[in-house]
$ cat entry_36.cif   # mmCIF, C-alpha atoms
data_my_file
#
loop_
_atom_site.group_PDB
_atom_site.id
_atom_site.type_symbol
_atom_site.label_atom_id
_atom_site.label_comp_id
_atom_site.auth_asym_id
_atom_site.auth_seq_id
_atom_site.Cartn_x
_atom_site.Cartn_y
_atom_site.Cartn_z
ATOM 1 C CA MET A 140 175.640 206.181 -59.315
ATOM 2 C CA LEU A 141 176.659 202.566 -59.856
ATOM 3 C CA LYS A 142 176.220 202.936 -63.607
ATOM 4 C CA SER A 143 178.508 205.988 -63.652
ATOM 5 C CA PHE A 144 181.094 204.088 -61.609
ATOM 6 C CA ALA A 145 180.883 201.107 -63.962
ATOM 7 C CA LYS A 146 181.363 203.379 -67.001
ATOM 8 C CA LEU A 147 184.321 205.137 -65.374
ATOM 9 C CA THR A 148 185.878 201.781 -64.507
ATOM 10 C CA SER A 149 185.489 200.600 -68.105
ATOM 11 C CA VAL A 150 187.216 203.750 -69.397
ATOM 12 C CA LEU A 151 190.063 203.806 -66.868
ATOM 13 C CA CYS A 152 190.676 200.073 -67.349
ATOM 14 C CA HIS A 153 190.508 200.152 -71.137
ATOM 15 C CA PRO A 154 192.705 197.358 -72.561
ATOM 16 C CA LEU A 155 195.099 199.866 -74.175
ATOM 17 C CA LEU A 156 195.597 201.625 -70.839
ATOM 18 C CA LEU A 157 196.086 198.295 -69.086
ATOM 19 C CA MET A 158 198.751 197.246 -71.590
ATOM 20 C CA ASN A 159 200.556 200.561 -71.114
ATOM 21 C CA PHE A 160 200.329 200.312 -67.347
ATOM 22 C CA GLY A 161 201.893 196.869 -67.533
ATOM 23 C CA LEU A 162 204.678 198.062 -69.805
ATOM 24 C CA PHE A 163 205.507 201.164 -67.811
ATOM 25 C CA SER A 164 205.334 199.388 -64.467
ATOM 26 C CA ILE A 165 208.150 197.164 -65.754
ATOM 27 C CA MET A 166 210.107 200.035 -67.288
ATOM 28 C CA PHE A 167 209.820 202.385 -64.297
ATOM 29 C CA TRP A 168 209.830 200.001 -61.324
ATOM 30 C CA HIS A 169 211.731 196.868 -62.329
ATOM 31 C CA PRO A 170 215.340 197.302 -61.056
ATOM 32 C CA TYR A 171 216.953 195.817 -64.162
ATOM 33 C CA PHE A 172 215.142 197.960 -66.730
ATOM 34 C CA VAL A 173 215.365 201.154 -64.679
ATOM 35 C CA SER A 174 219.160 200.844 -64.624
ATOM 36 C CA LYS A 175 219.595 199.683 -68.223
ATOM 37 C CA PHE A 176 219.890 203.130 -69.872
ATOM 38 C CA PHE A 177 220.871 206.665 -68.961
ATOM 39 C CA GLU A 178 217.982 208.878 -67.836
ATOM 40 C CA THR A 179 217.720 210.758 -71.160
ATOM 41 C CA GLN A 180 217.679 207.525 -73.159
ATOM 42 C CA PHE A 181 215.167 206.017 -70.742
ATOM 43 C CA TYR A 182 212.640 208.827 -71.199
ATOM 44 C CA THR A 183 213.147 208.834 -74.969
ATOM 45 C CA ILE A 184 212.307 205.120 -75.052
ATOM 46 C CA SER A 185 209.318 205.707 -72.749
ATOM 47 C CA MET A 186 207.971 208.408 -75.075
ATOM 48 C CA PHE A 187 208.464 206.166 -78.113
ATOM 49 C CA VAL A 188 206.598 203.290 -76.450
ATOM 50 C CA SER A 189 203.705 205.468 -75.250
ATOM 51 C CA ILE A 190 203.211 207.002 -78.708
ATOM 52 C CA ASN A 191 203.249 203.594 -80.387
ATOM 53 C CA THR A 192 201.152 201.659 -77.901
ATOM 54 C CA LEU A 193 198.649 204.333 -76.866
ATOM 55 C CA ILE A 194 198.533 207.421 -79.097
ATOM 56 C CA LEU A 195 198.728 205.702 -82.494
ATOM 57 C CA PRO A 196 196.134 202.996 -81.676
ATOM 58 C CA MET A 197 193.742 205.660 -80.337
ATOM 59 C CA LEU A 198 194.319 207.786 -83.440
ATOM 60 C CA SER A 199 193.679 204.797 -85.718
ATOM 61 C CA VAL A 200 190.371 204.059 -83.947
ATOM 62 C CA TYR A 201 189.365 207.719 -84.253
ATOM 63 C CA LEU A 202 190.096 207.720 -87.993
ATOM 64 C CA LEU A 203 188.211 204.460 -88.520
ATOM 65 C CA LYS A 204 185.209 205.978 -86.734
ATOM 66 C CA ARG A 205 185.602 209.227 -88.679
ATOM 67 C CA PHE A 206 185.445 207.384 -92.006
ATOM 68 C CA GLY A 207 182.564 205.154 -90.949
ATOM 69 C CA LEU A 208 184.485 201.875 -90.798
ATOM 70 C CA ILE A 209 183.367 201.257 -87.210
ATOM 71 C CA ASP A 210 180.116 202.316 -85.577
ATOM 72 C CA ASP A 211 181.495 203.539 -82.257
ATOM 73 C CA PHE A 212 184.739 203.918 -80.333
ATOM 74 C CA ALA A 213 183.875 200.992 -78.073
ATOM 75 C CA MET A 214 183.658 198.740 -81.164
ATOM 76 C CA SER A 215 180.441 197.248 -79.812
ATOM 77 C CA ASN A 216 179.998 195.231 -83.004
ATOM 78 C CA PRO A 217 182.509 192.350 -82.748
ATOM 79 C CA LYS A 218 182.527 191.952 -86.532
ATOM 80 C CA GLN A 219 184.063 195.429 -86.858
ATOM 81 C CA ARG A 220 187.043 194.652 -84.625
ATOM 82 C CA LEU A 221 189.099 192.872 -87.284
ATOM 83 C CA LEU A 222 190.549 196.008 -88.926
ATOM 84 C CA PRO A 223 191.302 198.091 -85.784
ATOM 85 C CA TYR A 224 192.740 195.102 -83.937
ATOM 86 C CA SER A 225 194.879 194.180 -86.950
ATOM 87 C CA ILE A 226 196.248 197.730 -87.033
ATOM 88 C CA MET A 227 197.049 197.544 -83.322
ATOM 89 C CA ILE A 228 198.775 194.181 -83.754
ATOM 90 C CA GLY A 229 200.904 195.684 -86.533
ATOM 91 C CA ILE A 230 201.854 198.684 -84.381
ATOM 92 C CA VAL A 231 202.753 196.474 -81.426
ATOM 93 C CA GLY A 232 204.832 194.219 -83.697
ATOM 94 C CA LEU A 233 206.734 197.222 -85.078
ATOM 95 C CA THR A 234 207.357 198.500 -81.560
ATOM 96 C CA MET A 235 208.709 195.116 -80.498
ATOM 97 C CA PHE A 236 211.073 195.105 -83.480
ATOM 98 C CA GLN A 237 212.375 198.594 -82.640
ATOM 99 C CA LEU A 238 212.919 197.659 -78.980
ATOM 100 C CA TYR A 239 214.816 194.570 -80.088
ATOM 101 C CA LYS A 240 217.046 196.707 -82.325
ATOM 102 C CA ILE A 241 218.061 198.971 -79.428
ATOM 103 C CA ASP A 242 218.720 195.998 -77.128
ATOM 104 C CA TYR A 243 215.631 196.590 -74.987
ATOM 105 C CA ALA A 244 214.437 193.026 -75.331
ATOM 106 C CA GLY A 245 213.251 190.902 -72.474
ATOM 107 C CA LEU A 246 210.169 191.275 -70.296
ATOM 108 C CA PRO A 247 208.647 194.469 -71.839
ATOM 109 C CA MET A 248 208.995 193.115 -75.370
ATOM 110 C CA TRP A 249 207.600 189.684 -74.490
ATOM 111 C CA PHE A 250 204.677 191.215 -72.605
ATOM 112 C CA MET A 251 203.827 193.203 -75.739
ATOM 113 C CA GLY A 252 204.114 189.981 -77.712
ATOM 114 C CA ALA A 253 201.634 188.330 -75.350
ATOM 115 C CA CYS A 254 199.266 191.288 -75.843
ATOM 116 C CA ALA A 255 199.540 190.957 -79.632
ATOM 117 C CA ILE A 256 198.871 187.200 -79.508
ATOM 118 C CA SER A 257 195.873 187.800 -77.227
ATOM 119 C CA LEU A 258 194.516 190.345 -79.702
ATOM 120 C CA MET A 259 194.946 187.906 -82.586
ATOM 121 C CA ALA A 260 193.139 185.207 -80.611
ATOM 122 C CA ASN A 261 190.406 187.724 -79.807
ATOM 123 C CA VAL A 262 189.940 188.521 -83.498
ATOM 124 C CA LEU A 263 189.652 184.832 -84.396
ATOM 125 C CA ILE A 264 187.286 184.038 -81.530
ATOM 126 C CA ASN A 265 185.089 187.007 -82.441
ATOM 127 C CA LEU A 266 184.373 185.336 -85.766
ATOM 128 C CA LYS A 267 182.313 182.820 -83.782
ATOM 129 C CA PHE A 268 181.248 184.590 -80.600
ATOM 130 C CA THR A 269 182.000 187.714 -78.581
ATOM 131 C CA ILE A 270 184.702 187.786 -75.918
ATOM 132 C CA SER A 271 185.565 190.554 -73.453
ATOM 133 C CA THR A 272 188.689 192.520 -74.358
ATOM 134 C CA HIS A 273 188.596 194.106 -70.891
ATOM 135 C CA GLY A 274 188.715 190.580 -69.485
ATOM 136 C CA ILE A 275 191.735 189.766 -71.653
ATOM 137 C CA GLY A 276 193.528 192.916 -70.458
ATOM 138 C CA THR A 277 193.003 192.256 -66.760
ATOM 139 C CA GLY A 278 193.909 188.583 -67.138
ATOM 140 C CA GLY A 279 197.132 189.537 -68.903
ATOM 141 C CA LEU A 280 198.170 191.962 -66.156
ATOM 142 C CA VAL A 281 197.433 189.475 -63.388
ATOM 143 C CA ALA A 282 199.583 186.907 -65.238
ATOM 144 C CA LEU A 283 202.405 189.452 -65.706
ATOM 145 C CA TYR A 284 202.561 190.347 -62.025
ATOM 146 C CA ALA A 285 202.163 186.717 -60.957
ATOM 147 C CA TYR A 286 205.137 185.793 -63.181
ATOM 148 C CA ILE A 287 207.369 188.571 -61.791
ATOM 149 C CA SER A 288 206.317 187.799 -58.208
ATOM 150 C CA TYR A 289 207.015 184.094 -58.679
ATOM 151 C CA THR A 290 210.355 184.405 -60.500
ATOM 152 C CA GLU A 291 211.892 187.495 -58.873
ATOM 153 C CA HIS A 292 210.078 187.958 -55.533
ATOM 154 C CA LEU A 293 209.917 191.756 -55.820
ATOM 155 C CA LEU A 294 207.629 193.186 -53.123
ATOM 156 C CA LEU A 295 206.186 195.975 -55.286
ATOM 157 C CA PHE A 296 205.035 193.518 -57.949
ATOM 158 C CA LYS A 297 203.504 191.261 -55.305
ATOM 159 C CA LEU A 298 201.444 194.255 -54.163
ATOM 160 C CA LEU A 299 200.522 194.991 -57.786
ATOM 161 C CA LEU A 300 199.427 191.369 -58.176
ATOM 162 C CA ILE A 301 197.101 191.634 -55.188
ATOM 163 C CA GLY A 302 195.814 194.998 -56.402
ATOM 164 C CA PHE A 303 195.063 193.793 -59.911
ATOM 165 C CA VAL A 304 193.306 190.658 -58.732
ATOM 166 C CA LEU A 305 190.904 193.058 -56.994
ATOM 167 C CA VAL A 306 190.796 195.397 -60.009
ATOM 168 C CA SER A 307 189.978 192.441 -62.278
ATOM 169 C CA GLY A 308 186.952 191.619 -60.175
ATOM 170 C CA ILE A 309 185.747 195.231 -60.317
ATOM 171 C CA VAL A 310 186.279 195.465 -64.086
ATOM 172 C CA MET A 311 184.407 192.240 -64.761
ATOM 173 C CA TRP A 312 181.582 193.400 -62.488
ATOM 174 C CA ALA A 313 181.451 196.699 -64.431
ATOM 175 C CA ARG A 314 181.206 194.968 -67.807
ATOM 176 C CA LEU A 315 178.437 192.721 -66.503
ATOM 177 C CA TYR A 316 176.594 195.604 -64.826
ATOM 178 C CA LEU A 317 176.649 197.599 -68.070
ATOM 179 C CA GLN A 318 175.408 194.480 -69.890
ATOM 180 C CA ALA A 319 178.305 194.837 -72.317
ATOM 181 C CA HIS A 320 179.088 191.122 -71.917
ATOM 182 C CA THR A 321 177.727 187.930 -70.454
ATOM 183 C CA GLU A 322 179.496 186.079 -67.643
ATOM 184 C CA LYS A 323 180.828 183.548 -70.132
ATOM 185 C CA GLU A 324 182.346 186.275 -72.328
ATOM 186 C CA VAL A 325 183.976 188.064 -69.395
ATOM 187 C CA TYR A 326 185.435 184.954 -67.753
ATOM 188 C CA THR A 327 186.598 183.511 -71.065
ATOM 189 C CA GLY A 328 188.366 186.789 -71.819
ATOM 190 C CA PHE A 329 190.135 186.785 -68.450
ATOM 191 C CA LEU A 330 191.256 183.169 -68.860
ATOM 192 C CA LEU A 331 192.497 183.844 -72.397
ATOM 193 C CA GLY A 332 194.553 186.855 -71.297
ATOM 194 C CA PHE A 333 195.943 185.030 -68.275
ATOM 195 C CA ALA A 334 196.790 181.829 -70.158
ATOM 196 C CA THR A 335 198.359 183.549 -73.180
ATOM 197 C CA THR A 336 200.529 185.893 -71.110
ATOM 198 C CA SER A 337 201.589 183.086 -68.762
ATOM 199 C CA LEU A 338 202.595 180.797 -71.617
ATOM 200 C CA VAL A 339 204.576 183.532 -73.402
ATOM 201 C CA LEU A 340 206.422 184.671 -70.259
ATOM 202 C CA LEU A 341 207.125 181.147 -69.026
ATOM 203 C CA GLY A 342 208.733 180.502 -72.408
ATOM 204 C CA LEU A 343 211.388 183.190 -71.781
#

$ encode --input "entry_36.cif" --output "structure tokens"
Amino acid sequence: MLKSFAKLTSVLCHPLLLMNFGLFSIMFWHPYFVSKFFETQFYTISMFVSINTLILPMLSVYLLKRFGLIDDFAMSNPKQRLLPYSIMIGIVGLTMFQLYKIDYAGLPMWFMGACAISLMANVLINLKFTISTHGIGTGGLVALYAYISYTEHLLLFKLLLIGFVLVSGIVMWARLYLQAHTEKEVYTGFLLGFATTSLVLLGL
């Protein structure tokens, strides 16, 4: 029972899904970005972002697995993460450029930038030792909601901050329970995601 719950938690809180949740929580619930475009334009942008930050990365991982360049979809072997993570960084960078071109810069774009920097740091760190990507994802979201809560005092994002502090604990427990990571790897990942996202957003 606990093992099934831990596996489900790991899937539902996959770093790609966490990044998308962060992006869309800004786009759908932040007053400034909700009012920035007409409804049709808003949903067109949302579709573009979801394809680029979720569908294309998932498709790239599937193709890498299909052609034997990675052993499994979870990328359990840290040495095999360089290529898929590099592809994801490229896709995120292209998405940021397109958002900048249509004047959709600001918090969503910089959050994606923080995600890309975290991924690059993850790739470099993995050359020496393993680090939890789930930890990075949860740390990044906690930093995002802490930043919005601190700078703009929006009640919804304060509630999201509290919620994701709790979710982070559950996710880290799940990764430890499944023996996917050690405590050091999980906590280091969380701190990396939190620190990177905080530094990027505070630089706005």

$ resolve_selection --input "entry_36.cif" --expression "the PyMOL selection byres ((chain A and resi 232) around 12)" --output "mmCIF file with C-alpha atoms, in the frame of the given file"
data_model
loop_
_atom_site.group_PDB
_atom_site.id
_atom_site.type_symbol
_atom_site.label_atom_id
_atom_site.label_comp_id
_atom_site.auth_asym_id
_atom_site.auth_seq_id
_atom_site.Cartn_x
_atom_site.Cartn_y
_atom_site.Cartn_z
ATOM 1 C CA VAL A 188 206.598 203.290 -76.450
ATOM 2 C CA ASN A 191 203.249 203.594 -80.387
ATOM 3 C CA THR A 192 201.152 201.659 -77.901
ATOM 4 C CA SER A 225 194.879 194.180 -86.950
ATOM 5 C CA ILE A 226 196.248 197.730 -87.033
ATOM 6 C CA MET A 227 197.049 197.544 -83.322
ATOM 7 C CA ILE A 228 198.775 194.181 -83.754
ATOM 8 C CA GLY A 229 200.904 195.684 -86.533
ATOM 9 C CA ILE A 230 201.854 198.684 -84.381
ATOM 10 C CA VAL A 231 202.753 196.474 -81.426
ATOM 11 C CA LEU A 233 206.734 197.222 -85.078
ATOM 12 C CA THR A 234 207.357 198.500 -81.560
ATOM 13 C CA MET A 235 208.709 195.116 -80.498
ATOM 14 C CA PHE A 236 211.073 195.105 -83.480
ATOM 15 C CA GLN A 237 212.375 198.594 -82.640
ATOM 16 C CA LEU A 238 212.919 197.659 -78.980
ATOM 17 C CA TYR A 239 214.816 194.570 -80.088
ATOM 18 C CA MET A 248 208.995 193.115 -75.370
ATOM 19 C CA TRP A 249 207.600 189.684 -74.490
ATOM 20 C CA PHE A 250 204.677 191.215 -72.605
ATOM 21 C CA MET A 251 203.827 193.203 -75.739
ATOM 22 C CA GLY A 252 204.114 189.981 -77.712
ATOM 23 C CA ALA A 253 201.634 188.330 -75.350
ATOM 24 C CA CYS A 254 199.266 191.288 -75.843
ATOM 25 C CA ALA A 255 199.540 190.957 -79.632
ATOM 26 C CA ILE A 256 198.871 187.200 -79.508
ATOM 27 C CA LEU A 258 194.516 190.345 -79.702
ATOM 28 C CA MET A 259 194.946 187.906 -82.586
#

$ residues_around --input "entry_36.cif" --residues "Leu280 in chain A" --least-positions-apart "3" --cutoff "8 Å" --atoms "only C-alpha atoms" --output "list in words"
Leu157, Met158, Gly161, Gly276, Thr277, Leu283, Tyr284, Phe303 and Phe333 of chain A

$ closest_residue --input "entry_36.cif" --among "A:Ile241, A:Leu338, A:Leu151, A:Leu305" --to "Gln180 in chain A" --atoms "all atoms listed in the file"
A:Ile241

$ residues_near_point --input "entry_36.cif" --point "(192.8, 189.0, -76.8)" --cutoff "10 Å" --atoms "only C-alpha atoms" --output "PyMOL selection string"
chain A and resi 154+224+253-265+270-276+278-279+328-333+335

$ write_last_selection --input "entry_36.cif" --atoms "C-alpha atoms" --output "PDB file, in the coordinates of the input"
ATOM      1  CA  PRO A 154     192.705 197.358 -72.561  1.00  0.00           C
ATOM      2  CA  TYR A 224     192.740 195.102 -83.937  1.00  0.00           C
ATOM      3  CA  ALA A 253     201.634 188.330 -75.350  1.00  0.00           C
ATOM      4  CA  CYS A 254     199.266 191.288 -75.843  1.00  0.00           C
ATOM      5  CA  ALA A 255     199.540 190.957 -79.632  1.00  0.00           C
ATOM      6  CA  ILE A 256     198.871 187.200 -79.508  1.00  0.00           C
ATOM      7  CA  SER A 257     195.873 187.800 -77.227  1.00  0.00           C
ATOM      8  CA  LEU A 258     194.516 190.345 -79.702  1.00  0.00           C
ATOM      9  CA  MET A 259     194.946 187.906 -82.586  1.00  0.00           C
ATOM     10  CA  ALA A 260     193.139 185.207 -80.611  1.00  0.00           C
ATOM     11  CA  ASN A 261     190.406 187.724 -79.807  1.00  0.00           C
ATOM     12  CA  VAL A 262     189.940 188.521 -83.498  1.00  0.00           C
ATOM     13  CA  LEU A 263     189.652 184.832 -84.396  1.00  0.00           C
ATOM     14  CA  ILE A 264     187.286 184.038 -81.530  1.00  0.00           C
ATOM     15  CA  ASN A 265     185.089 187.007 -82.441  1.00  0.00           C
ATOM     16  CA  ILE A 270     184.702 187.786 -75.918  1.00  0.00           C
ATOM     17  CA  SER A 271     185.565 190.554 -73.453  1.00  0.00           C
ATOM     18  CA  THR A 272     188.689 192.520 -74.358  1.00  0.00           C
ATOM     19  CA  HIS A 273     188.596 194.106 -70.891  1.00  0.00           C
ATOM     20  CA  GLY A 274     188.715 190.580 -69.485  1.00  0.00           C
ATOM     21  CA  ILE A 275     191.735 189.766 -71.653  1.00  0.00           C
ATOM     22  CA  GLY A 276     193.528 192.916 -70.458  1.00  0.00           C
ATOM     23  CA  GLY A 278     193.909 188.583 -67.138  1.00  0.00           C
ATOM     24  CA  GLY A 279     197.132 189.537 -68.903  1.00  0.00           C
ATOM     25  CA  GLY A 328     188.366 186.789 -71.819  1.00  0.00           C
ATOM     26  CA  PHE A 329     190.135 186.785 -68.450  1.00  0.00           C
ATOM     27  CA  LEU A 330     191.256 183.169 -68.860  1.00  0.00           C
ATOM     28  CA  LEU A 331     192.497 183.844 -72.397  1.00  0.00           C
ATOM     29  CA  GLY A 332     194.553 186.855 -71.297  1.00  0.00           C
ATOM     30  CA  PHE A 333     195.943 185.030 -68.275  1.00  0.00           C
ATOM     31  CA  THR A 335     198.359 183.549 -73.180  1.00  0.00           C
TER      32      THR A 335
END

$ resolve_selection --input "entry_36.cif" --expression "the PyMOL selection byres ((chain A and resi 169) around 12)" --output "VMD selection string"
chain A and resid 161 to 168 170 to 175 245 to 247 284 287 to 288 291 to 296

$ closest_residue --input "entry_36.cif" --among "A:Leu141, A:Lys267, A:Gly302, A:Tyr243" --to "Phe181 in chain A" --atoms "only C-alpha atoms"
A:Tyr243

$ residues_around --input "entry_36.cif" --residues "Gln219 in chain A" --least-positions-apart "5" --cutoff "9 Å" --atoms "only C-alpha atoms" --output "ChimeraX atom specification"
/A:208-210,214

$ closest_residue --input "entry_36.cif" --among "A:Asn216, A:Thr336, A:Thr269, A:Ser307" --to "Ala285 in chain A" --atoms "all atoms listed in the file"
A:Thr336

$ residues_around --input "entry_36.cif" --residues "Leu315 in chain A" --least-positions-apart "6" --cutoff "10 Å" --atoms "only C-alpha atoms" --output "ChimeraX atom specification"
/A:145,309,321-322,324-325

$ closest_residue --input "entry_36.cif" --among "A:Val150, A:Ala282, A:Leu155, A:Val339" --to "Leu195 in chain A" --atoms "all atoms listed in the file"
A:Leu155

$ closest_residue --input "entry_36.cif" --among "A:Phe160, A:Arg314, A:Lys323, A:Ala213" --to "Leu299 in chain A" --atoms "all atoms listed in the file"
A:Phe160

$ closest_residue --input "entry_36.cif" --among "A:Asn159, A:Leu222, A:Ser149, A:Ser189" --to "Leu202 in chain A" --atoms "all atoms listed in the file"
A:Leu222

$ atom_distance --input "entry_36.cif" --atom1 "CA of Val281 in chain A" --atom2 "CA of Val304 in chain A"
6.3 Å

$ atom_distance --input "entry_36.cif" --atom1 "CA of Met311 in chain A" --atom2 "CA of Cys152 in chain A"
10.4 Å

$ atom_distance --input "entry_36.cif" --atom1 "CA of Phe187 in chain A" --atom2 "CA of Leu298 in chain A"
27.7 Å

$ build_atoms --input "entry_36.cif" --residues "range 171-189 of chain A" --atoms "N, CA and C atoms" --output "short mmCIF file (atom, residue, chain, number, x, y, z; two decimals), in the frame of the given file"
data_model
loop_
_atom_site.label_atom_id
_atom_site.label_comp_id
_atom_site.auth_asym_id
_atom_site.auth_seq_id
_atom_site.Cartn_x
_atom_site.Cartn_y
_atom_site.Cartn_z
N TYR A 171 216.08 196.05 -63.01
CA TYR A 171 216.95 195.82 -64.16
C TYR A 171 216.71 196.84 -65.27
N PHE A 172 215.44 197.08 -65.60
CA PHE A 172 215.14 197.96 -66.73
C PHE A 172 215.30 199.44 -66.38
N VAL A 173 215.13 199.77 -65.11
CA VAL A 173 215.36 201.15 -64.68
C VAL A 173 216.83 201.52 -64.84
N SER A 174 217.72 200.57 -64.59
CA SER A 174 219.16 200.84 -64.62
C SER A 174 219.80 200.56 -65.98
N LYS A 175 219.02 200.15 -66.95
CA LYS A 175 219.60 199.68 -68.22
C LYS A 175 220.13 200.83 -69.08
N PHE A 176 219.48 202.01 -69.04
CA PHE A 176 219.89 203.13 -69.87
C PHE A 176 220.09 204.38 -69.02
N PHE A 177 220.78 205.36 -69.61
CA PHE A 177 220.87 206.66 -68.96
C PHE A 177 219.48 207.30 -68.92
N GLU A 178 219.31 208.28 -68.04
CA GLU A 178 217.98 208.88 -67.84
C GLU A 178 217.39 209.44 -69.12
N THR A 179 218.22 210.16 -69.92
CA THR A 179 217.72 210.76 -71.16
C THR A 179 217.25 209.68 -72.13
N GLN A 180 218.06 208.63 -72.28
CA GLN A 180 217.68 207.52 -73.16
C GLN A 180 216.41 206.84 -72.66
N PHE A 181 216.31 206.70 -71.35
CA PHE A 181 215.17 206.02 -70.74
C PHE A 181 213.86 206.75 -71.06
N TYR A 182 213.86 208.07 -70.93
CA TYR A 182 212.64 208.83 -71.20
C TYR A 182 212.33 208.91 -72.69
N THR A 183 213.37 208.88 -73.52
CA THR A 183 213.15 208.83 -74.97
C THR A 183 212.45 207.54 -75.36
N ILE A 184 212.92 206.42 -74.79
CA ILE A 184 212.31 205.12 -75.05
C ILE A 184 210.87 205.10 -74.53
N SER A 185 210.66 205.67 -73.34
CA SER A 185 209.32 205.71 -72.75
C SER A 185 208.36 206.47 -73.65
N MET A 186 208.81 207.61 -74.18
CA MET A 186 207.97 208.41 -75.08
C MET A 186 207.65 207.64 -76.36
N PHE A 187 208.65 206.97 -76.90
CA PHE A 187 208.46 206.17 -78.11
C PHE A 187 207.42 205.07 -77.88
N VAL A 188 207.53 204.38 -76.75
CA VAL A 188 206.60 203.29 -76.45
C VAL A 188 205.19 203.82 -76.25
N SER A 189 205.04 204.93 -75.52
CA SER A 189 203.70 205.47 -75.25
C SER A 189 203.02 205.95 -76.52
#
